[in-house]
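Asks: For reference, the file target_31.pdb (PDB, C-alpha atoms, pLDDT in the B column) is included below:
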ATOM      1  CA  MET A   1    -166.177  61.164  58.222  1.00 78.00           C
ATOM      2  CA  ARG A   2    -165.525  63.845  55.602  1.00 93.00           C
ATOM      3  CA  PHE A   3    -163.339  66.929  55.824  1.00 97.00           C
ATOM      4  CA  ARG A   4    -164.800  70.232  54.751  1.00 97.00           C
ATOM      5  CA  ASP A   5    -161.584  70.998  52.870  1.00 97.00           C
ATOM      6  CA  ARG A   6    -157.830  70.423  52.987  1.00 97.00           C
ATOM      7  CA  ALA A   7    -157.301  73.237  55.481  1.00 96.00           C
ATOM      8  CA  GLU A   8    -159.571  71.505  57.991  1.00 98.00           C
ATOM      9  CA  ALA A   9    -157.667  68.254  57.457  1.00 98.00           C
ATOM     10  CA  GLY A  10    -154.405  70.111  57.991  1.00 98.00           C
ATOM     11  CA  ARG A  11    -155.606  71.590  61.265  1.00 98.00           C
ATOM     12  CA  GLU A  12    -156.372  68.108  62.581  1.00 98.00           C
ATOM     13  CA  LEU A  13    -152.895  66.904  61.650  1.00 98.00           C
ATOM     14  CA  ALA A  14    -151.409  70.069  63.145  1.00 98.00           C
ATOM     15  CA  GLY A  15    -152.972  69.298  66.508  1.00 98.00           C
ATOM     16  CA  LEU A  16    -151.618  65.761  66.542  1.00 98.00           C
ATOM     17  CA  LEU A  17    -148.152  66.806  65.434  1.00 98.00           C
ATOM     18  CA  SER A  18    -148.066  69.663  67.944  1.00 98.00           C
ATOM     19  CA  ASP A  19    -148.662  67.099  70.689  1.00 97.00           C
ATOM     20  CA  LEU A  20    -145.660  65.118  69.443  1.00 96.00           C
ATOM     21  CA  GLN A  21    -143.578  68.279  69.313  1.00 97.00           C
ATOM     22  CA  ASP A  22    -144.525  69.096  72.903  1.00 96.00           C
ATOM     23  CA  GLN A  23    -143.289  65.625  73.864  1.00 95.00           C
ATOM     24  CA  GLY A  24    -139.909  66.365  72.263  1.00 95.00           C
ATOM     25  CA  ALA A  25    -140.440  63.926  69.410  1.00 94.00           C
ATOM     26  CA  LEU A  26    -140.069  66.406  66.529  1.00 96.00           C
ATOM     27  CA  THR A  27    -136.638  68.030  66.805  1.00 93.00           C
ATOM     28  CA  ASP A  28    -135.822  70.706  64.211  1.00 96.00           C
ATOM     29  CA  PRO A  29    -138.837  69.940  61.994  1.00 97.00           C
ATOM     30  CA  LEU A  30    -138.977  70.493  58.248  1.00 97.00           C
ATOM     31  CA  VAL A  31    -142.346  70.114  56.517  1.00 97.00           C
ATOM     32  CA  LEU A  32    -142.308  68.830  52.933  1.00 97.00           C
ATOM     33  CA  ALA A  33    -145.607  68.857  51.067  1.00 96.00           C
ATOM     34  CA  LEU A  34    -146.490  66.872  47.964  1.00 95.00           C
ATOM     35  CA  PRO A  35    -148.022  69.485  45.662  1.00 89.00           C
ATOM     36  CA  ARG A  36    -150.414  70.523  44.811  1.00 90.00           C
ATOM     37  CA  GLY A  37    -152.994  69.137  47.232  1.00 93.00           C
ATOM     38  CA  GLY A  38    -150.554  68.457  50.042  1.00 96.00           C
ATOM     39  CA  ILE A  39    -149.648  72.132  50.309  1.00 95.00           C
ATOM     40  CA  ALA A  40    -153.054  73.160  51.680  1.00 95.00           C
ATOM     41  CA  VAL A  41    -152.836  70.393  54.307  1.00 97.00           C
ATOM     42  CA  ALA A  42    -149.229  71.172  55.200  1.00 96.00           C
ATOM     43  CA  GLU A  43    -149.621  74.933  55.643  1.00 95.00           C
ATOM     44  CA  PRO A  44    -151.525  74.725  58.974  1.00 96.00           C
ATOM     45  CA  VAL A  45    -149.003  72.132  60.157  1.00 97.00           C
ATOM     46  CA  ALA A  46    -146.001  74.335  59.377  1.00 96.00           C
ATOM     47  CA  ARG A  47    -147.694  77.250  61.110  1.00 95.00           C
ATOM     48  CA  ALA A  48    -148.473  75.235  64.248  1.00 97.00           C
ATOM     49  CA  LEU A  49    -144.948  73.771  64.474  1.00 97.00           C
ATOM     50  CA  GLY A  50    -143.147  76.996  63.586  1.00 95.00           C
ATOM     51  CA  ALA A  51    -141.409  75.000  60.869  1.00 95.00           C
ATOM     52  CA  PRO A  52    -140.281  75.867  57.340  1.00 94.00           C
ATOM     53  CA  LEU A  53    -142.477  74.540  54.554  1.00 94.00           C
ATOM     54  CA  ASP A  54    -141.205  73.399  51.184  1.00 93.00           C
ATOM     55  CA  VAL A  55    -142.342  71.151  48.366  1.00 94.00           C
ATOM     56  CA  LEU A  56    -141.263  67.666  47.426  1.00 95.00           C
ATOM     57  CA  ILE A  57    -142.472  67.247  43.888  1.00 93.00           C
ATOM     58  CA  VAL A  58    -143.492  63.702  43.031  1.00 94.00           C
ATOM     59  CA  ARG A  59    -145.294  62.708  39.874  1.00 93.00           C
ATOM     60  CA  LYS A  60    -147.575  59.728  39.640  1.00 90.00           C
ATOM     61  CA  ILE A  61    -146.886  57.370  36.744  1.00 93.00           C
ATOM     62  CA  GLY A  62    -150.376  56.430  35.623  1.00 89.00           C
ATOM     63  CA  ALA A  63    -151.509  53.463  33.563  1.00 86.00           C
ATOM     64  CA  PRO A  64    -151.747  54.449  29.858  1.00 83.00           C
ATOM     65  CA  HIS A  65    -155.548  54.221  29.628  1.00 77.00           C
ATOM     66  CA  HIS A  66    -156.315  55.055  33.252  1.00 79.00           C
ATOM     67  CA  GLN A  67    -153.987  57.865  34.263  1.00 77.00           C
ATOM     68  CA  GLU A  68    -155.387  58.192  37.782  1.00 74.00           C
ATOM     69  CA  PHE A  69    -154.356  54.601  38.548  1.00 79.00           C
ATOM     70  CA  ALA A  70    -150.743  54.724  39.701  1.00 83.00           C
ATOM     71  CA  VAL A  71    -148.320  52.027  38.586  1.00 90.00           C
ATOM     72  CA  GLY A  72    -145.340  53.944  39.927  1.00 92.00           C
ATOM     73  CA  ALA A  73    -143.963  57.363  40.769  1.00 94.00           C
ATOM     74  CA  LEU A  74    -141.142  59.716  39.931  1.00 95.00           C
ATOM     75  CA  VAL A  75    -139.228  62.198  42.143  1.00 95.00           C
ATOM     76  CA  GLY A  76    -136.261  64.436  41.377  1.00 89.00           C
ATOM     77  CA  ASP A  77    -133.692  62.788  39.134  1.00 89.00           C
ATOM     78  CA  ASP A  78    -134.319  59.400  40.742  1.00 92.00           C
ATOM     79  CA  PRO A  79    -135.156  56.454  38.472  1.00 93.00           C
ATOM     80  CA  PRO A  80    -138.880  55.657  38.269  1.00 94.00           C
ATOM     81  CA  LEU A  81    -140.141  53.574  41.159  1.00 95.00           C
ATOM     82  CA  TYR A  82    -142.648  51.005  39.899  1.00 94.00           C
ATOM     83  CA  ASN A  83    -144.993  48.546  41.535  1.00 87.00           C
ATOM     84  CA  ALA A  84    -143.773  45.467  39.704  1.00 85.00           C
ATOM     85  CA  GLY A  85    -146.872  43.437  40.573  1.00 88.00           C
ATOM     86  CA  THR A  86    -149.168  46.105  39.148  1.00 87.00           C
ATOM     87  CA  LEU A  87    -147.151  46.306  35.938  1.00 91.00           C
ATOM     88  CA  ASP A  88    -147.410  42.537  35.521  1.00 91.00           C
ATOM     89  CA  ARG A  89    -151.161  42.458  36.163  1.00 91.00           C
ATOM     90  CA  LEU A  90    -151.743  45.153  33.540  1.00 90.00           C
ATOM     91  CA  GLY A  91    -149.392  43.593  30.999  1.00 92.00           C
ATOM     92  CA  LEU A  92    -147.067  46.600  31.095  1.00 92.00           C
ATOM     93  CA  THR A  93    -143.282  46.857  31.095  1.00 92.00           C
ATOM     94  CA  GLU A  94    -140.885  49.598  32.142  1.00 92.00           C
ATOM     95  CA  GLU A  95    -140.002  50.032  28.471  1.00 93.00           C
ATOM     96  CA  SER A  96    -143.632  50.519  27.464  1.00 92.00           C
ATOM     97  CA  MET A  97    -144.021  53.155  30.196  1.00 94.00           C
ATOM     98  CA  ALA A  98    -141.096  55.253  28.923  1.00 93.00           C
ATOM     99  CA  PRO A  99    -143.290  57.823  27.090  1.00 92.00           C
ATOM    100  CA  VAL A 100    -145.385  58.344  30.236  1.00 92.00           C
ATOM    101  CA  VAL A 101    -142.243  58.769  32.334  1.00 94.00           C
ATOM    102  CA  GLU A 102    -140.846  61.332  29.893  1.00 94.00           C
ATOM    103  CA  ARG A 103    -144.066  63.361  30.026  1.00 93.00           C
ATOM    104  CA  GLU A 104    -144.215  63.271  33.821  1.00 93.00           C
ATOM    105  CA  ARG A 105    -140.517  64.159  34.142  1.00 94.00           C
ATOM    106  CA  LYS A 106    -141.146  67.295  32.070  1.00 94.00           C
ATOM    107  CA  GLU A 107    -144.047  68.308  34.297  1.00 92.00           C
ATOM    108  CA  LEU A 108    -141.979  67.591  37.420  1.00 93.00           C
ATOM    109  CA  ARG A 109    -139.206  69.898  36.175  1.00 92.00           C
ATOM    110  CA  ARG A 110    -141.725  72.590  35.221  1.00 91.00           C
ATOM    111  CA  ARG A 111    -143.136  72.580  38.726  1.00 90.00           C
ATOM    112  CA  GLU A 112    -139.690  72.619  40.319  1.00 90.00           C
ATOM    113  CA  GLU A 113    -138.750  75.671  38.273  1.00 89.00           C
ATOM    114  CA  ARG A 114    -142.074  77.343  39.035  1.00 89.00           C
ATOM    115  CA  TYR A 115    -142.141  76.659  42.773  1.00 90.00           C
ATOM    116  CA  ARG A 116    -138.439  76.990  43.571  1.00 84.00           C
ATOM    117  CA  ALA A 117    -137.494  79.886  41.283  1.00 80.00           C
ATOM    118  CA  GLY A 118    -133.843  78.899  41.517  1.00 80.00           C
ATOM    119  CA  ARG A 119    -133.827  78.150  45.263  1.00 85.00           C
ATOM    120  CA  PRO A 120    -132.052  74.922  46.254  1.00 88.00           C
ATOM    121  CA  ALA A 121    -134.030  72.179  47.909  1.00 88.00           C
ATOM    122  CA  PRO A 122    -133.720  72.222  51.710  1.00 91.00           C
ATOM    123  CA  ASP A 123    -131.224  69.824  53.249  1.00 95.00           C
ATOM    124  CA  PRO A 124    -133.070  67.264  55.404  1.00 96.00           C
ATOM    125  CA  ALA A 125    -129.915  65.757  56.927  1.00 97.00           C
ATOM    126  CA  GLY A 126    -130.165  65.476  60.696  1.00 97.00           C
ATOM    127  CA  ARG A 127    -133.671  66.971  60.856  1.00 98.00           C
ATOM    128  CA  THR A 128    -137.141  65.653  61.566  1.00 98.00           C
ATOM    129  CA  VAL A 129    -138.744  65.620  58.129  1.00 98.00           C
ATOM    130  CA  ILE A 130    -142.534  65.501  57.908  1.00 98.00           C
ATOM    131  CA  VAL A 131    -143.833  64.470  54.481  1.00 98.00           C
ATOM    132  CA  ILE A 132    -147.462  65.515  53.989  1.00 98.00           C
ATOM    133  CA  ASP A 133    -150.114  64.809  51.372  1.00 97.00           C
ATOM    134  CA  ASP A 134    -153.895  65.240  51.345  1.00 97.00           C
ATOM    135  CA  GLY A 135    -154.462  61.491  51.498  1.00 97.00           C
ATOM    136  CA  LEU A 136    -153.049  58.124  50.568  1.00 96.00           C
ATOM    137  CA  ALA A 137    -154.630  55.702  48.110  1.00 91.00           C
ATOM    138  CA  THR A 138    -152.138  53.323  46.471  1.00 87.00           C
ATOM    139  CA  GLY A 139    -149.145  54.816  48.291  1.00 91.00           C
ATOM    140  CA  ALA A 140    -147.056  54.997  45.103  1.00 89.00           C
ATOM    141  CA  THR A 141    -146.160  58.686  45.373  1.00 92.00           C
ATOM    142  CA  ALA A 142    -145.624  58.521  49.127  1.00 95.00           C
ATOM    143  CA  ARG A 143    -143.228  55.565  48.780  1.00 95.00           C
ATOM    144  CA  ALA A 144    -141.149  57.400  46.175  1.00 96.00           C
ATOM    145  CA  ALA A 145    -141.101  60.544  48.329  1.00 97.00           C
ATOM    146  CA  LEU A 146    -140.067  58.726  51.494  1.00 98.00           C
ATOM    147  CA  ARG A 147    -137.263  56.809  49.796  1.00 97.00           C
ATOM    148  CA  HIS A 148    -135.992  60.006  48.205  1.00 96.00           C
ATOM    149  CA  VAL A 149    -135.858  61.763  51.575  1.00 97.00           C
ATOM    150  CA  ARG A 150    -134.423  58.734  53.409  1.00 97.00           C
ATOM    151  CA  ARG A 151    -131.366  58.739  51.152  1.00 96.00           C
ATOM    152  CA  ARG A 152    -130.643  62.254  52.405  1.00 96.00           C
ATOM    153  CA  ARG A 153    -130.255  61.062  56.008  1.00 97.00           C
ATOM    154  CA  PRO A 154    -132.971  62.735  58.091  1.00 98.00           C
ATOM    155  CA  ALA A 155    -132.795  62.108  61.824  1.00 98.00           C
ATOM    156  CA  HIS A 156    -136.469  61.094  61.871  1.00 98.00           C
ATOM    157  CA  LEU A 157    -138.844  60.610  58.937  1.00 98.00           C
ATOM    158  CA  VAL A 158    -142.587  61.096  59.370  1.00 98.00           C
ATOM    159  CA  LEU A 159    -145.396  60.499  56.886  1.00 98.00           C
ATOM    160  CA  ALA A 160    -148.510  62.456  57.859  1.00 98.00           C
ATOM    161  CA  VAL A 161    -151.774  62.191  55.913  1.00 98.00           C
ATOM    162  CA  PRO A 162    -155.309  62.950  57.130  1.00 98.00           C
ATOM    163  CA  VAL A 163    -156.874  59.852  55.568  1.00 98.00           C
ATOM    164  CA  GLY A 164    -155.553  56.734  53.912  1.00 97.00           C
ATOM    165  CA  ALA A 165    -156.284  53.233  52.702  1.00 96.00           C
ATOM    166  CA  PRO A 166    -155.391  50.821  55.528  1.00 97.00           C
ATOM    167  CA  ASP A 167    -153.666  48.263  53.283  1.00 95.00           C
ATOM    168  CA  SER A 168    -151.516  50.912  51.609  1.00 94.00           C
ATOM    169  CA  LEU A 169    -150.542  52.387  54.966  1.00 97.00           C
ATOM    170  CA  ASP A 170    -149.500  48.953  56.194  1.00 96.00           C
ATOM    171  CA  LEU A 171    -147.276  48.492  53.144  1.00 93.00           C
ATOM    172  CA  LEU A 172    -145.512  51.772  53.906  1.00 96.00           C
ATOM    173  CA  ALA A 173    -144.707  50.879  57.515  1.00 94.00           C
ATOM    174  CA  ALA A 174    -141.059  50.165  56.717  1.00 94.00           C
ATOM    175  CA  GLU A 175    -140.567  53.368  54.712  1.00 97.00           C
ATOM    176  CA  ALA A 176    -140.998  55.902  57.551  1.00 98.00           C
ATOM    177  CA  ASP A 177    -140.057  56.036  61.229  1.00 97.00           C
ATOM    178  CA  THR A 178    -143.531  57.324  62.102  1.00 97.00           C
ATOM    179  CA  ILE A 179    -146.788  57.187  60.135  1.00 98.00           C
ATOM    180  CA  LEU A 180    -149.528  59.511  61.327  1.00 98.00           C
ATOM    181  CA  CYS A 181    -152.941  58.954  59.755  1.00 98.00           C
ATOM    182  CA  PRO A 182    -155.951  59.605  62.003  1.00 97.00           C
ATOM    183  CA  HIS A 183    -158.574  58.211  59.595  1.00 97.00           C
ATOM    184  CA  ARG A 184    -158.177  54.785  57.993  1.00 97.00           C
ATOM    185  CA  PRO A 185    -161.610  53.851  56.571  1.00 96.00           C
ATOM    186  CA  ALA A 186    -162.023  50.270  55.418  1.00 94.00           C
ATOM    187  CA  ALA A 187    -164.174  51.351  52.461  1.00 92.00           C
ATOM    188  CA  PHE A 188    -161.575  53.472  50.684  1.00 94.00           C
ATOM    189  CA  SER A 189    -161.670  54.049  46.942  1.00 88.00           C
ATOM    190  CA  ALA A 190    -160.243  57.543  46.353  1.00 91.00           C
ATOM    191  CA  VAL A 191    -158.863  60.428  48.399  1.00 95.00           C
ATOM    192  CA  GLY A 192    -161.420  62.874  47.032  1.00 95.00           C
ATOM    193  CA  GLN A 193    -164.363  60.977  48.506  1.00 96.00           C
ATOM    194  CA  TRP A 194    -163.283  62.135  51.985  1.00 97.00           C
ATOM    195  CA  TYR A 195    -163.467  65.842  51.183  1.00 97.00           C
ATOM    196  CA  GLU A 196    -166.483  68.053  50.545  1.00 96.00           C
ATOM    197  CA  ASP A 197    -164.248  70.525  48.693  1.00 96.00           C
ATOM    198  CA  PHE A 198    -161.515  68.788  46.706  1.00 95.00           C
ATOM    199  CA  GLU A 199    -160.809  71.439  44.095  1.00 93.00           C
ATOM    200  CA  GLN A 200    -157.342  71.419  42.571  1.00 91.00           C
ATOM    201  CA  LEU A 201    -154.996  74.098  43.880  1.00 89.00           C
ATOM    202  CA  THR A 202    -153.439  76.568  41.475  1.00 89.00           C
ATOM    203  CA  ASP A 203    -149.729  77.298  41.139  1.00 87.00           C
ATOM    204  CA  ALA A 204    -150.426  80.750  42.605  1.00 90.00           C
ATOM    205  CA  GLU A 205    -151.919  79.202  45.754  1.00 89.00           C
ATOM    206  CA  VAL A 206    -148.927  76.902  46.148  1.00 90.00           C
ATOM    207  CA  LEU A 207    -146.510  79.820  45.798  1.00 90.00           C
ATOM    208  CA  ALA A 208    -148.444  81.923  48.309  1.00 88.00           C
ATOM    209  CA  ALA A 209    -148.239  79.152  50.943  1.00 87.00           C
ATOM    210  CA  LEU A 210    -144.533  78.650  50.331  1.00 86.00           C
ATOM    211  CA  GLN A 211    -143.849  82.360  50.672  1.00 82.00           C
ATOM    212  CA  LEU A 212    -145.353  82.349  54.178  1.00 77.00           C
ATOM    213  CA  HIS A 213    -143.075  79.616  55.513  1.00 74.00           C
ATOM    214  CA  ARG A 214    -139.720  79.929  53.776  1.00 65.00           C
ATOM    215  CA  SER A 215    -136.767  78.859  55.933  1.00 53.00           C
TER
END
Give the structure from the file, written as structure tokens.

Replies:
Amino acid sequence: MRFRDRAEAGRELAGLLSDLQDQGALTDPLVLALPRGGIAVAEPVARALGAPLDVLIVRKIGAPHHQEFAVGALVGDDPPLYNAGTLDRLGLTEESMAPVVERERKELRRREERYRAGRPAPDPAGRTVIVIDDGLATGATARAALRHVRRRRPAHLVLAVPVGAPDSLDLLAAEADTILCPHRPAAFSAVGQWYEDFEQLTDAEVLAALQLHRS
């Protein structure tokens, strides 16, 4: 199973979430995408649900010599959320990761300024919040995102990803009220392996999608 691109993956999720909406399970939905890749998946979902689309900017905290390998994640002004076991295995400490956190915090703020242009973040209190990304590998960014949203008291919290690592999805079971992931391949190494086109989105593409679905 491979998706042609993120839009195709988003259309599959949109169909599944529309079924839940028809059953009355998604009251007053708000779609929050993890940019950049999650935006292209979330846009068809927001369109199908008639829901506003916004971004929830989360930055992966990568290992110093292997930046794609997440040891934690960062969202908003929240403290870094680390996988303590991973830090221990790699011989890292929170103190040694401080320069990485500072760099990622700067990029997080740059993206917030770029994508929000002064707009406040939407209030998820009392709403069905659907957090979307283009896939789930370690689950580090998704965990940080879900905990950040949970503290803001949504009525129902959904994590929706087209494809994910089964073990990571299992570990996130307690973080969301509903996890929707139609493809859970046992042989999972990276999100990009499940897409024919996995090109990085530009800031302009993110802004164009947001403009279509502003609340």

Asks: Here's a test: counting all atoms listed in the file, identify every protein, DNA and RNA residue with an atom at most 6 Å from (-145.1, 57.8, 55.1) in the file's coordinate frame, and state them as a list in words.

Replies: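 The requested residues, written out, are Val158, Leu159, Ala176 and Ile179 of chain A.
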
Asks: Using only C-alpha atoms, determine which residues lie at most 7 Å from Leu210 (chain A), disregarding the query and same-chain residues fewer than 3 positions distant; provide the list as a compact mmCIF listing (two decimals) with C-alpha atoms, in the frame of the given file.

Replies:
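Final output, part-v8.txt:
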# COMPACT_ATOMS: atom_id res chain seq x y z
CA LEU A 53 -142.48 74.54 54.55
CA ASP A 54 -141.21 73.40 51.18
CA VAL A 206 -148.93 76.90 46.15
CA LEU A 207 -146.51 79.82 45.80
CA HIS A 213 -143.07 79.62 55.51
CA ARG A 214 -139.72 79.93 53.78

Asks: Any chance you could resolve the PyMOL selection byres ((chain A and resi 34-40) around 8) against this file and give the residues as a PyMOL selection string?

Replies: chain A and resi 6-7+10+32-33+41-44+55-58+131-134+200-203+206+209

Asks: Looking at A:Arg59, A:Leu169, A:Gly50, A:Glu175, which one is nearest to Glu112 (chain A), with distances taken over only C-alpha atoms?

Replies: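 For Glu112 (chain A), the nearest of the given residues is A:Arg59.
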
Asks: Got a sec: who's within 10 Å of Ala187 (chain A), counting only C-alpha atoms, leaving out chain neighbours fewer than 2 positions off, as an mmCIF file with C-alpha atoms, keeping the file's coordinate frame?

Replies:
data_model
loop_
_atom_site.group_PDB
_atom_site.id
_atom_site.type_symbol
_atom_site.label_atom_id
_atom_site.label_comp_id
_atom_site.auth_asym_id
_atom_site.auth_seq_id
_atom_site.Cartn_x
_atom_site.Cartn_y
_atom_site.Cartn_z
ATOM 1 C CA ALA A 165 -156.284 53.233 52.702
ATOM 2 C CA PRO A 166 -155.391 50.821 55.528
ATOM 3 C CA ARG A 184 -158.177 54.785 57.993
ATOM 4 C CA PRO A 185 -161.610 53.851 56.571
ATOM 5 C CA SER A 189 -161.670 54.049 46.942
ATOM 6 C CA ALA A 190 -160.243 57.543 46.353
#

Asks: Record the distance separating CA of Glu95 (chain A) and CA of Arg151 (chain A), expressed in Å with one decimal.

Replies: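 It comes out at 25.8 Å.
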
Asks: If we count only C-alpha atoms and set the cut-off at 8 Å, which residues sit around region 2-5 of chain A, ignoring sequence neighbours fewer than 6 positions away in its own chain? Please answer as a short mmCIF file (atom, residue, chain, number, x, y, z; two decimals) with C-alpha atoms, in the coordinates of the input.

Replies:
data_model
loop_
_atom_site.label_atom_id
_atom_site.label_comp_id
_atom_site.auth_asym_id
_atom_site.auth_seq_id
_atom_site.Cartn_x
_atom_site.Cartn_y
_atom_site.Cartn_z
CA GLN A 193 -164.36 60.98 48.51
CA TRP A 194 -163.28 62.14 51.98
CA TYR A 195 -163.47 65.84 51.18
CA GLU A 196 -166.48 68.05 50.54
CA ASP A 197 -164.25 70.53 48.69
CA PHE A 198 -161.51 68.79 46.71
#

Asks: May I ask which of the residues A:Val101, A:Pro52, A:Leu90, A:Ser168 is the closest one to Leu212 (chain A), counting all atoms listed in the file?

Replies: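 Counting all atoms listed in the file, the residue closest to Leu212 (chain A) is A:Pro52.
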
Asks: For Leu81 (chain A), work out the shell of residues within 7 Å, counting all atoms listed in the file and skipping chain neighbours fewer than 6 positions away, then give it as a list in words.

Replies: Gly72, Ala73, Leu74 and Ala144 of chain A

Asks: Which residues would end up in the selection if the PyMOL selection byres ((chain A and resi 128) around 8) were applied here, given that I need the answer as a PyMOL selection string?

Replies: chain A and resi 26-30+124+126-127+129-130+154-158
